[in-house]
file my_file_0.cif (mmCIF, C-alpha atoms)
data_model
loop_
_atom_site.label_atom_id
_atom_site.label_comp_id
_atom_site.auth_asym_id
_atom_site.auth_seq_id
_atom_site.Cartn_x
_atom_site.Cartn_y
_atom_site.Cartn_z
CA MET C 1 2.63 -65.22 31.20
CA THR C 2 -0.36 -67.45 31.93
CA VAL C 3 1.62 -69.30 34.61
CA SER C 4 2.69 -66.01 36.20
CA LEU C 5 -0.91 -64.79 36.39
CA ALA C 6 -2.09 -68.13 37.76
CA LEU C 7 0.57 -68.01 40.49
CA LEU C 8 -0.27 -64.40 41.29
CA VAL C 9 -3.99 -65.18 41.60
CA LEU C 10 -3.22 -68.25 43.70
CA GLY C 11 -1.04 -66.20 46.06
CA LEU C 12 -3.61 -63.42 46.44
CA LEU C 13 -6.44 -65.89 46.95
CA THR C 14 -4.46 -67.74 49.60
CA ALA C 15 -3.57 -64.48 51.34
CA VAL C 16 -7.24 -63.48 51.56
CA VAL C 17 -8.97 -66.80 52.24
CA ALA C 18 -6.39 -68.63 54.39
CA PRO C 19 -6.74 -66.44 57.52
CA ARG C 20 -10.50 -67.05 57.59
CA LEU C 21 -10.10 -70.78 57.14
CA LEU C 22 -7.37 -71.03 59.76
CA ALA C 23 -9.37 -68.94 62.24
CA ALA C 24 -12.25 -71.39 61.88
CA THR C 25 -10.16 -74.38 62.99
CA SER C 26 -11.17 -75.61 66.43
CA TRP C 27 -7.96 -77.44 67.28
CA ARG C 28 -5.26 -74.77 66.94
CA GLU C 29 -5.26 -73.91 70.68
CA ARG C 30 -5.19 -77.61 71.54
CA GLU C 31 -2.15 -78.16 69.32
CA PRO C 32 -0.25 -74.84 69.14
CA VAL C 33 2.90 -76.43 67.74
CA VAL C 34 0.98 -77.89 64.80
CA ALA C 35 -0.79 -74.55 64.35
CA LEU C 36 2.56 -72.74 64.24
CA TRP C 37 3.74 -75.14 61.56
CA MET C 38 0.49 -74.65 59.64
CA TRP C 39 0.84 -70.87 59.60
CA GLN C 40 4.46 -71.08 58.47
CA CYS C 41 3.50 -73.35 55.59
CA VAL C 42 0.66 -71.07 54.46
CA VAL C 43 2.79 -67.92 54.57
CA GLY C 44 5.62 -69.77 52.86
CA ALA C 45 3.21 -70.82 50.08
CA VAL C 46 2.08 -67.19 49.58
CA LEU C 47 5.67 -65.95 49.35
CA LEU C 48 6.58 -68.80 47.02
CA CYS C 49 3.68 -67.91 44.71
CA PHE C 50 4.90 -64.34 44.42
CA ALA C 51 8.53 -65.40 43.96
CA LEU C 52 7.68 -67.86 41.18
CA ALA C 53 5.38 -65.34 39.49
CA MET C 54 8.23 -62.82 39.52
CA THR C 55 10.64 -65.39 38.05
CA PHE C 56 8.38 -66.40 35.15
CA SER C 57 7.42 -62.78 34.44
CA ALA C 58 11.07 -61.78 34.28
CA ALA C 59 11.81 -64.75 32.02
CA ALA C 60 9.00 -63.66 29.72
CA ALA C 61 10.16 -60.05 29.63
CA TRP C 62 13.93 -60.45 29.22
CA GLN C 63 15.82 -62.97 27.15
CA LEU C 64 18.81 -62.87 29.52
CA VAL C 65 16.70 -64.03 32.47
CA ARG C 66 15.00 -66.64 30.29
CA GLY C 67 18.36 -68.07 29.33
CA HIS C 68 19.30 -68.55 32.98
CA VAL C 69 15.94 -69.93 34.13
CA PHE C 70 15.57 -72.40 31.25
CA ALA C 71 19.28 -72.99 30.63
CA SER C 72 19.09 -76.79 30.70
CA ALA C 73 15.46 -77.20 29.65
CA PRO C 74 14.56 -78.78 26.30
CA HIS C 75 13.16 -76.53 23.60
CA GLY C 76 9.72 -78.06 23.96
CA VAL C 77 9.51 -77.05 27.61
CA VAL C 78 10.30 -73.42 26.78
CA GLU C 79 7.65 -73.48 24.05
CA ALA C 80 5.07 -74.87 26.51
CA TYR C 81 5.31 -71.74 28.66
CA ALA C 82 4.68 -69.46 25.65
CA LEU C 83 7.00 -66.82 27.08
CA SER C 84 7.54 -65.03 23.78
CA ALA C 85 3.81 -64.31 23.46
CA SER C 86 3.65 -62.19 26.61
CA GLY C 87 3.08 -58.46 26.35
CA PRO C 88 4.71 -55.52 28.12
CA TRP C 89 2.85 -56.40 31.32
CA ALA C 90 5.40 -59.13 32.03
CA ALA C 91 8.15 -56.59 32.69
CA VAL C 92 5.84 -54.43 34.83
CA LEU C 93 4.75 -57.42 36.91
CA ALA C 94 8.32 -58.61 37.34
CA VAL C 95 9.50 -55.18 38.49
CA VAL C 96 6.59 -54.78 40.93
CA LEU C 97 7.11 -58.21 42.47
CA ALA C 98 10.86 -57.68 42.66
CA GLY C 99 10.23 -54.40 44.47
CA CYS C 100 7.97 -56.22 46.93
CA GLY C 101 10.73 -58.73 47.54
CA VAL C 102 13.27 -56.00 48.20
CA TRP C 103 10.81 -54.26 50.51
CA THR C 104 10.26 -57.51 52.43
CA GLY C 105 14.01 -57.90 52.90
CA ALA C 106 14.27 -54.30 54.06
CA MET C 107 11.47 -54.76 56.59
CA LEU C 108 13.06 -57.93 57.94
CA THR C 109 16.45 -56.21 58.21
CA ARG C 110 14.87 -53.31 60.07
CA GLU C 111 13.07 -55.66 62.45
CA ILE C 112 16.28 -57.56 63.21
CA HIS C 113 18.15 -54.28 63.73
CA ARG C 114 15.48 -53.07 66.14
CA ALA C 115 15.61 -56.35 68.07
CA ARG C 116 19.39 -56.18 68.35
CA THR C 117 19.18 -52.57 69.51
CA ARG C 118 16.66 -53.53 72.19
CA ARG C 119 18.86 -56.43 73.30
CA ARG C 120 21.90 -54.16 73.57
CA GLN C 121 19.90 -51.70 75.65
CA HIS C 122 18.63 -54.45 77.93
CA ARG C 123 22.12 -55.88 78.36
CA ALA C 124 23.51 -52.43 79.12
CA GLU C 125 20.83 -52.02 81.78
CA LEU C 126 21.73 -55.43 83.20
CA LEU C 127 25.39 -54.45 83.46
CA VAL C 128 24.37 -51.39 85.47
CA ARG C 129 21.86 -53.17 87.72
CA ALA C 130 23.78 -56.46 88.02
CA PRO C 131 27.49 -55.91 87.24
CA ALA C 132 29.75 -58.91 86.93
CA LEU C 133 31.85 -59.65 89.99
CA PRO C 134 35.66 -59.58 89.74
CA GLY C 135 36.83 -62.75 88.04
CA GLU C 136 33.31 -63.75 87.00
CA GLU C 137 33.09 -65.16 83.48
CA PRO C 138 29.79 -64.85 81.56
CA GLY C 139 28.48 -68.25 80.56
CA GLU C 140 25.67 -69.64 78.48
CA GLU C 141 22.12 -69.36 79.84
CA ARG C 142 23.30 -67.23 82.72
CA LEU C 143 20.68 -66.47 85.37
CA VAL C 144 20.48 -62.79 86.34
CA VAL C 145 18.58 -61.80 89.48
CA LEU C 146 17.52 -58.16 89.74
CA GLU C 147 16.11 -56.21 92.63
CA GLY C 148 12.53 -55.35 91.75
CA GLU C 149 9.24 -54.50 93.40
CA HIS C 150 7.18 -56.36 90.78
CA PRO C 151 7.54 -60.02 89.82
CA ASP C 152 8.93 -60.48 86.34
CA ALA C 153 10.82 -63.09 84.36
CA ARG C 154 12.00 -62.85 80.77
CA TRP C 155 14.45 -64.49 78.43
CA LEU C 156 17.00 -62.40 76.54
CA PRO C 157 18.00 -64.26 73.34
CA GLY C 158 21.30 -63.75 71.55
CA THR C 159 24.79 -65.19 71.47
CA GLU C 160 24.78 -65.22 75.27
CA PRO C 161 21.14 -65.93 76.23
CA ARG C 162 20.17 -65.01 79.76
CA LEU C 163 17.19 -65.53 81.99
CA VAL C 164 16.36 -62.36 83.94
CA ILE C 165 14.19 -62.68 87.03
CA THR C 166 13.37 -60.19 89.76
CA THR C 167 13.59 -60.72 93.50
CA ALA C 168 9.85 -60.10 93.76
CA ALA C 169 9.28 -63.08 91.46
CA LEU C 170 11.55 -65.24 93.62
CA ARG C 171 9.52 -64.26 96.69
CA ARG C 172 6.13 -64.93 95.08
CA LEU C 173 6.88 -68.10 93.12
CA LYS C 174 6.81 -71.13 95.36
CA GLY C 175 8.60 -74.41 94.76
CA ARG C 176 7.96 -75.84 91.32
CA GLN C 177 6.29 -72.64 90.13
CA LEU C 178 9.70 -71.08 89.58
CA ASP C 179 10.80 -74.18 87.67
CA ALA C 180 7.70 -73.86 85.47
CA VAL C 181 8.51 -70.24 84.66
CA VAL C 182 12.09 -71.17 83.75
CA ALA C 183 10.82 -74.03 81.57
CA HIS C 184 8.40 -71.65 79.84
CA GLU C 185 11.17 -69.19 78.97
CA GLN C 186 13.54 -71.96 77.92
CA GLY C 187 10.79 -73.28 75.64
CA HIS C 188 10.76 -69.94 73.82
CA ALA C 189 14.54 -70.04 73.45
CA ARG C 190 14.82 -73.65 72.26
CA ALA C 191 12.07 -73.25 69.65
CA ARG C 192 13.57 -69.91 68.48
CA HIS C 193 10.22 -68.18 68.80
CA ASP C 194 11.99 -64.84 68.54
CA TRP C 195 12.68 -65.48 64.84
CA LEU C 196 9.02 -66.27 64.19
CA LEU C 197 8.06 -62.99 65.84
CA HIS C 198 10.65 -61.04 63.83
CA CYS C 199 9.52 -62.50 60.49
CA SER C 200 5.81 -62.11 61.19
CA GLY C 201 6.30 -58.55 62.43
CA ALA C 202 8.33 -57.59 59.36
CA LEU C 203 5.72 -58.96 56.95
CA ALA C 204 2.83 -57.31 58.81
CA GLU C 205 4.56 -53.92 58.91
CA GLY C 206 5.70 -54.12 55.31
CA PHE C 207 2.33 -55.22 53.90
CA PRO C 208 -0.36 -54.12 56.35
CA ARG C 209 -3.17 -54.51 53.81
CA ILE C 210 -2.54 -58.21 53.16
CA PRO C 211 -4.75 -60.10 55.67
CA VAL C 212 -2.60 -63.19 55.92
CA PHE C 213 0.45 -61.26 57.15
CA ALA C 214 -1.44 -59.31 59.83
CA ALA C 215 -3.11 -62.50 61.02
CA PHE C 216 0.26 -64.28 60.92
CA ARG C 217 1.76 -61.73 63.32
CA ASP C 218 -1.18 -61.86 65.73
CA GLU C 219 -1.32 -65.64 65.75
CA MET C 220 2.43 -65.97 66.28
CA HIS C 221 2.29 -63.82 69.42
CA HIS C 222 -0.59 -65.94 70.72
CA LEU C 223 0.55 -69.42 69.69
CA VAL C 224 4.16 -69.16 70.87
CA GLU C 225 2.90 -68.44 74.38
CA LEU C 226 0.57 -71.44 74.28
CA ALA C 227 3.39 -73.64 73.01
CA ALA C 228 5.70 -72.47 75.81
CA ASP C 229 2.91 -73.02 78.37
CA ASP C 230 2.57 -76.61 77.14
CA MET C 231 6.32 -77.18 77.38
CA ALA C 232 6.26 -76.04 81.01
CA SER C 233 3.08 -77.93 81.92
CA LYS C 234 4.42 -81.21 80.53
CA ARG C 235 7.29 -81.08 83.03
CA TYR C 236 5.68 -79.43 86.05
CA GLY C 237 1.94 -79.80 85.62
CA ARG C 238 -0.86 -77.57 84.38
CA LEU C 239 -1.92 -76.33 87.82
CA THR C 240 1.63 -75.34 88.76
CA THR C 241 2.12 -73.49 85.45
CA ALA C 242 -1.23 -71.71 85.78
CA LEU C 243 -0.47 -70.58 89.33
CA ALA C 244 2.94 -69.32 88.21
CA LEU C 245 1.29 -67.22 85.48
CA VAL C 246 -1.14 -65.77 88.02
CA GLU C 247 1.61 -64.93 90.51
CA LEU C 248 3.73 -63.23 87.84
CA ASN C 249 0.96 -61.13 86.31
CA GLU C 250 -1.62 -60.50 89.01
CA HIS C 251 -0.17 -57.09 89.87
CA ARG C 252 -0.76 -55.88 86.30
CA GLY C 253 -4.53 -56.10 86.67
CA VAL C 254 -4.91 -58.46 83.73
CA PHE C 255 -7.36 -60.67 85.61
CA GLY C 256 -9.74 -57.82 86.40
CA PRO C 257 -12.68 -56.46 84.36
CA ALA C 258 -10.64 -53.71 82.69
CA SER C 259 -8.98 -54.48 79.38
CA SER C 260 -5.19 -54.55 79.15
CA PRO C 261 -2.46 -55.35 76.59
CA ASP C 262 -2.12 -58.79 78.23
CA ALA C 263 -5.80 -59.63 77.92
CA GLY C 264 -4.93 -63.10 76.63
CA LEU C 265 -3.48 -64.20 79.98
CA PRO C 266 -6.84 -65.15 81.58
CA GLN C 267 -7.57 -67.37 78.57
CA ARG C 268 -4.16 -69.00 78.91
CA VAL C 269 -4.77 -69.70 82.61
CA ASN C 270 -8.26 -71.09 81.89
CA ARG C 271 -6.79 -73.28 79.16
CA LEU C 272 -4.32 -74.75 81.63
CA LEU C 273 -6.93 -75.26 84.36
CA SER C 274 -9.59 -76.70 82.03
CA PRO C 275 -7.59 -78.77 79.56
CA VAL C 276 -9.18 -80.15 76.41
CA PRO C 277 -7.94 -83.56 75.24
CA ARG C 278 -5.19 -83.34 72.65
CA LEU C 279 -5.61 -84.68 69.15
CA SER C 280 -4.55 -88.25 68.56
CA PRO C 281 -0.97 -88.80 67.34
CA GLY C 282 -2.28 -90.04 64.01
CA ARG C 283 -4.34 -86.92 63.42
CA ARG C 284 -1.44 -84.68 64.42
CA LEU C 285 0.75 -86.51 61.93
CA ARG C 286 -1.86 -86.16 59.18
CA LEU C 287 -2.27 -82.45 59.86
CA THR C 288 1.49 -81.91 59.84
CA ALA C 289 1.82 -83.76 56.54
CA ALA C 290 -1.11 -81.88 55.01
CA CYS C 291 0.41 -78.55 56.02
CA ALA C 292 3.72 -79.53 54.46
CA LEU C 293 1.93 -80.08 51.14
CA VAL C 294 0.60 -76.50 51.01
CA PRO C 295 3.85 -74.98 49.66
CA VAL C 296 3.95 -77.76 47.06
CA VAL C 297 0.83 -76.39 45.32
CA PRO C 298 2.63 -73.37 43.78
CA LEU C 299 5.39 -75.67 42.56
CA VAL C 300 2.83 -77.93 40.87
CA VAL C 301 1.19 -74.94 39.17
CA ALA C 302 4.59 -73.70 38.02
CA PHE C 303 5.83 -76.99 36.63
CA VAL C 304 2.63 -78.34 35.02
CA PRO C 305 3.33 -76.86 31.54
CA GLY C 306 6.88 -78.17 31.55
CA LEU C 307 5.88 -81.63 32.73
CA SER C 308 3.11 -81.76 30.13
CA ALA C 309 5.61 -80.91 27.39
CA LEU C 310 7.86 -83.73 28.54
CA GLY C 311 4.94 -86.12 28.16
#
call {"tool": "encode", "arguments": {"input": "my_file_0.cif", "output": "structure tokens"}}
result
Amino acid sequence: MTVSLALLVLGLLTAVVAPRLLAATSWREREPVVALWMWQCVVGAVLLCFALAMTFSAAAAWQLVRGHVFASAPHGVVEAYALSASGPWAAVLAVVLAGCGVWTGAMLTREIHRARTRRRQHRAELLVRAPALPGEEPGEERLVVLEGEHPDARWLPGTEPRLVITTAALRRLKGRQLDAVVAHEQGHARARHDWLLHCSGALAEGFPRIPVFAAFRDEMHHLVELAADDMASKRYGRLTTALALVELNEHRGVFGPASSPDAGLPQRVNRLLSPVPRLSPGRRLRLTAACALVPVVPLVVAFVPGLSALG
């Protein structure tokens, strides 16, 4: 039971402290891909803490679970965890954590269902506004051009991903600006940013009072756009990508004094126009490796008694 409590405290402490520490980092906007990896490792460590705490609590509460968890372990290892000395709180903790796990799965399922429903609605609208011609076969990454008064471009993920762009966008985007927009949307698709948004949204909606999950959702929405901007700017230049963002979003009033849901766009344009030097490859590698070690900490805490018993 001591290991379960230690894992539970470690998970709660990480969930509270990690968002503050990550928000204080000065390099996350310079290296959004590394920052995305960092957030995934931290959230993965929190979930792993809760999952391991549930497993050891269930093993302490029920002999059947203990037999499966420690089926091949020597007797000394089982004794090191002192599972038989736990009180009735082990069963309560196991049931609560199992309920949280089921709730997380339900939230993720609901988020995926909502996304699929939205995709079906968008595809139905596309069939009405841009019906397939006789003999036309839908292919992968099909480009769909829609009549529209406002410039817009978006990527529809799925089994048949499609790039949707309006005629207004084609009129406003000049030369390589259109290529930069396409590269931006393709960057989202290749990195599967939609799955990051689904997972972060499900965790934030399911556990709104846990700071790390709310911050995870907000940072994912911000960092995936920065990562896609970098993918486009590497191929077509920062100035071209910044001008494409301005042309696509100027009509929304996001660059004026009034606040708007897309208030982050001016910062993205300024970031492209006033670039800060990237971190060195060595530092990026060290940060990536350090982030990968974060989920290892709960495993170390979980296996220390067993390893100590083995000598």
call {"tool": "atom_distance", "arguments": {"input": "my_file_0.cif", "atom1": "CA of Glu149 in chain C", "atom2": "CA of Leu173 in chain C"}}
result
13.8 Å
call {"tool": "resolve_selection", "arguments": {"input": "my_file_0.cif", "expression": "the PyMOL selection byres ((chain C and resi 61) around 8)", "output": "JSON list (two decimals) with C-alpha atoms, in the frame of the given file"}}
result
[["chain", "number", "residue", "atom", "x", "y", "z"],
["C", 57, "SER", "CA", 7.42, -62.78, 34.44],
["C", 58, "ALA", "CA", 11.07, -61.78, 34.28],
["C", 59, "ALA", "CA", 11.81, -64.75, 32.02],
["C", 60, "ALA", "CA", 9.00, -63.66, 29.72],
["C", 62, "TRP", "CA", 13.93, -60.45, 29.22],
["C", 63, "GLN", "CA", 15.82, -62.97, 27.15],
["C", 83, "LEU", "CA", 7.00, -66.82, 27.08],
["C", 86, "SER", "CA", 3.65, -62.19, 26.61],
["C", 87, "GLY", "CA", 3.08, -58.46, 26.35],
["C", 88, "PRO", "CA", 4.71, -55.52, 28.12],
["C", 90, "ALA", "CA", 5.40, -59.13, 32.03],
["C", 91, "ALA", "CA", 8.15, -56.59, 32.69]]
call {"tool": "closest_residue", "arguments": {"input": "my_file_0.cif", "among": "C:Ala98, C:Ala228, C:Val297, C:Ala6", "to": "Leu245 in chain C", "atoms": "only C-alpha atoms"}}
result
C:Ala228
call {"tool": "atom_distance", "arguments": {"input": "my_file_0.cif", "atom1": "CA of Asn270 in chain C", "atom2": "CA of Ala244 in chain C"}}
result
13.0 Å
call {"tool": "resolve_selection", "arguments": {"input": "my_file_0.cif", "expression": "the PyMOL selection byres ((chain C and resi 201) around 9)", "output": "ChimeraX atom specification"}}
result
/C:107-108,111,196-200,202-206,213-214,216-218
call {"tool": "closest_residue", "arguments": {"input": "my_file_0.cif", "among": "C:Ser72, C:Thr55, C:Gln121, C:Gln267", "to": "Val96 in chain C", "atoms": "only C-alpha atoms"}}
result
C:Thr55
call {"tool": "closest_residue", "arguments": {"input": "my_file_0.cif", "among": "C:Ile112, C:Gln40, C:Ser4, C:Gln177", "to": "Met54 in chain C", "atoms": "all atoms listed in the file"}}
result
C:Ser4
call {"tool": "closest_residue", "arguments": {"input": "my_file_0.cif", "among": "C:Glu29, C:Trp39, C:Leu10, C:Leu299", "to": "Pro277 in chain C", "atoms": "only C-alpha atoms"}}
result
C:Glu29
call {"tool": "resolve_selection", "arguments": {"input": "my_file_0.cif", "expression": "the PyMOL selection byres ((chain C and resi 212) around 7)", "output": "PyMOL selection string"}}
result
chain C and resi 15-16+18-19+210-211+213-216
call {"tool": "atom_distance", "arguments": {"input": "my_file_0.cif", "atom1": "CA of Met38 in chain C", "atom2": "CA of Val224 in chain C"}}
result
13.0 Å
call {"tool": "closest_residue", "arguments": {"input": "my_file_0.cif", "among": "C:Arg172, C:Arg190, C:Arg28, C:Arg162", "to": "Val276 in chain C", "atoms": "all atoms listed in the file"}}
result
C:Arg28
call {"tool": "residues_around", "arguments": {"input": "my_file_0.cif", "residues": "Leu146 in chain C", "least_positions_apart": "3", "cutoff": "10 Å", "atoms": "all atoms listed in the file", "output": "number ranges by chain"}}
result
C: 126, 129-130, 143, 149, 152-153, 164-169
call {"tool": "write_last_selection", "arguments": {"input": "my_file_0.cif", "atoms": "C-alpha atoms", "output": "PDB file, keeping the file's coordinate frame"}}
result
ATOM      1  CA  LEU C 126      21.730 -55.430  83.200  1.00  0.00           C
ATOM      2  CA  ARG C 129      21.860 -53.170  87.720  1.00  0.00           C
ATOM      3  CA  ALA C 130      23.780 -56.460  88.020  1.00  0.00           C
ATOM      4  CA  LEU C 143      20.680 -66.470  85.370  1.00  0.00           C
ATOM      5  CA  GLU C 149       9.240 -54.500  93.400  1.00  0.00           C
ATOM      6  CA  ASP C 152       8.930 -60.480  86.340  1.00  0.00           C
ATOM      7  CA  ALA C 153      10.820 -63.090  84.360  1.00  0.00           C
ATOM      8  CA  VAL C 164      16.360 -62.360  83.940  1.00  0.00           C
ATOM      9  CA  ILE C 165      14.190 -62.680  87.030  1.00  0.00           C
ATOM     10  CA  THR C 166      13.370 -60.190  89.760  1.00  0.00           C
ATOM     11  CA  THR C 167      13.590 -60.720  93.500  1.00  0.00           C
ATOM     12  CA  ALA C 168       9.850 -60.100  93.760  1.00  0.00           C
ATOM     13  CA  ALA C 169       9.280 -63.080  91.460  1.00  0.00           C
TER      14      ALA C 169
END
call {"tool": "closest_residue", "arguments": {"input": "my_file_0.cif", "among": "C:Ala180, C:Leu13, C:Trp195, C:Arg119", "to": "Gly237 in chain C", "atoms": "all atoms listed in the file"}}
result
C:Ala180
call {"tool": "residues_around", "arguments": {"input": "my_file_0.cif", "residues": "Thr25 in chain C", "least_positions_apart": "5", "cutoff": "12 Å", "atoms": "all atoms listed in the file", "output": "mmCIF file with C-alpha atoms, keeping the file's coordinate frame"}}
result
data_model
loop_
_atom_site.group_PDB
_atom_site.id
_atom_site.type_symbol
_atom_site.label_atom_id
_atom_site.label_comp_id
_atom_site.auth_asym_id
_atom_site.auth_seq_id
_atom_site.Cartn_x
_atom_site.Cartn_y
_atom_site.Cartn_z
ATOM 1 C CA ALA C 18 -6.390 -68.630 54.390
ATOM 2 C CA PRO C 19 -6.740 -66.440 57.520
ATOM 3 C CA ARG C 20 -10.500 -67.050 57.590
ATOM 4 C CA ARG C 30 -5.190 -77.610 71.540
ATOM 5 C CA GLU C 31 -2.150 -78.160 69.320
ATOM 6 C CA PRO C 32 -0.250 -74.840 69.140
ATOM 7 C CA VAL C 34 0.980 -77.890 64.800
ATOM 8 C CA ALA C 35 -0.790 -74.550 64.350
ATOM 9 C CA MET C 38 0.490 -74.650 59.640
ATOM 10 C CA LEU C 287 -2.270 -82.450 59.860
#
call {"tool": "residues_around", "arguments": {"input": "my_file_0.cif", "residues": "Leu223 in chain C", "least_positions_apart": "4", "cutoff": "7 Å", "atoms": "all atoms listed in the file", "output": "PyMOL selection string"}}
result
chain C and resi 32+36+219+227
call {"tool": "residues_around", "arguments": {"input": "my_file_0.cif", "residues": "His188 in chain C", "least_positions_apart": "6", "cutoff": "12 Å", "atoms": "all atoms listed in the file", "output": "list of chain:residue names"}}
result
C:Val33, C:Arg154, C:Trp155, C:Leu156, C:Pro157, C:Pro161, C:Leu163, C:Val181, C:Val182, C:Asp194, C:Trp195, C:Leu196, C:Leu197, C:Met220, C:His221, C:Leu223, C:Val224, C:Glu225, C:Leu226, C:Ala227, C:Ala228, C:Asp229, C:Asp230, C:Met231, C:Ala232
call {"tool": "residues_around", "arguments": {"input": "my_file_0.cif", "residues": "Val300 in chain C", "least_positions_apart": "4", "cutoff": "12 Å", "atoms": "all atoms listed in the file", "output": "list in words"}}
result
Val3, Ala6, Leu7, Leu10, Ala45, Leu48, Cys49, Leu52, Leu293, Val294, Pro295, Val296, Val304, Pro305, Gly306, Leu307 and Ser308 of chain C
call {"tool": "axis_aligned_box", "arguments": {"input": "my_file_0.cif", "around": "range 100-103 of chain C", "padding_each_side": "5 Å", "output": "AutoDock Vina command-line options"}}
result
--center_x 10.6 --center_y -56.5 --center_z 48.7 --size_x 15.3 --size_y 14.5 --size_z 13.6
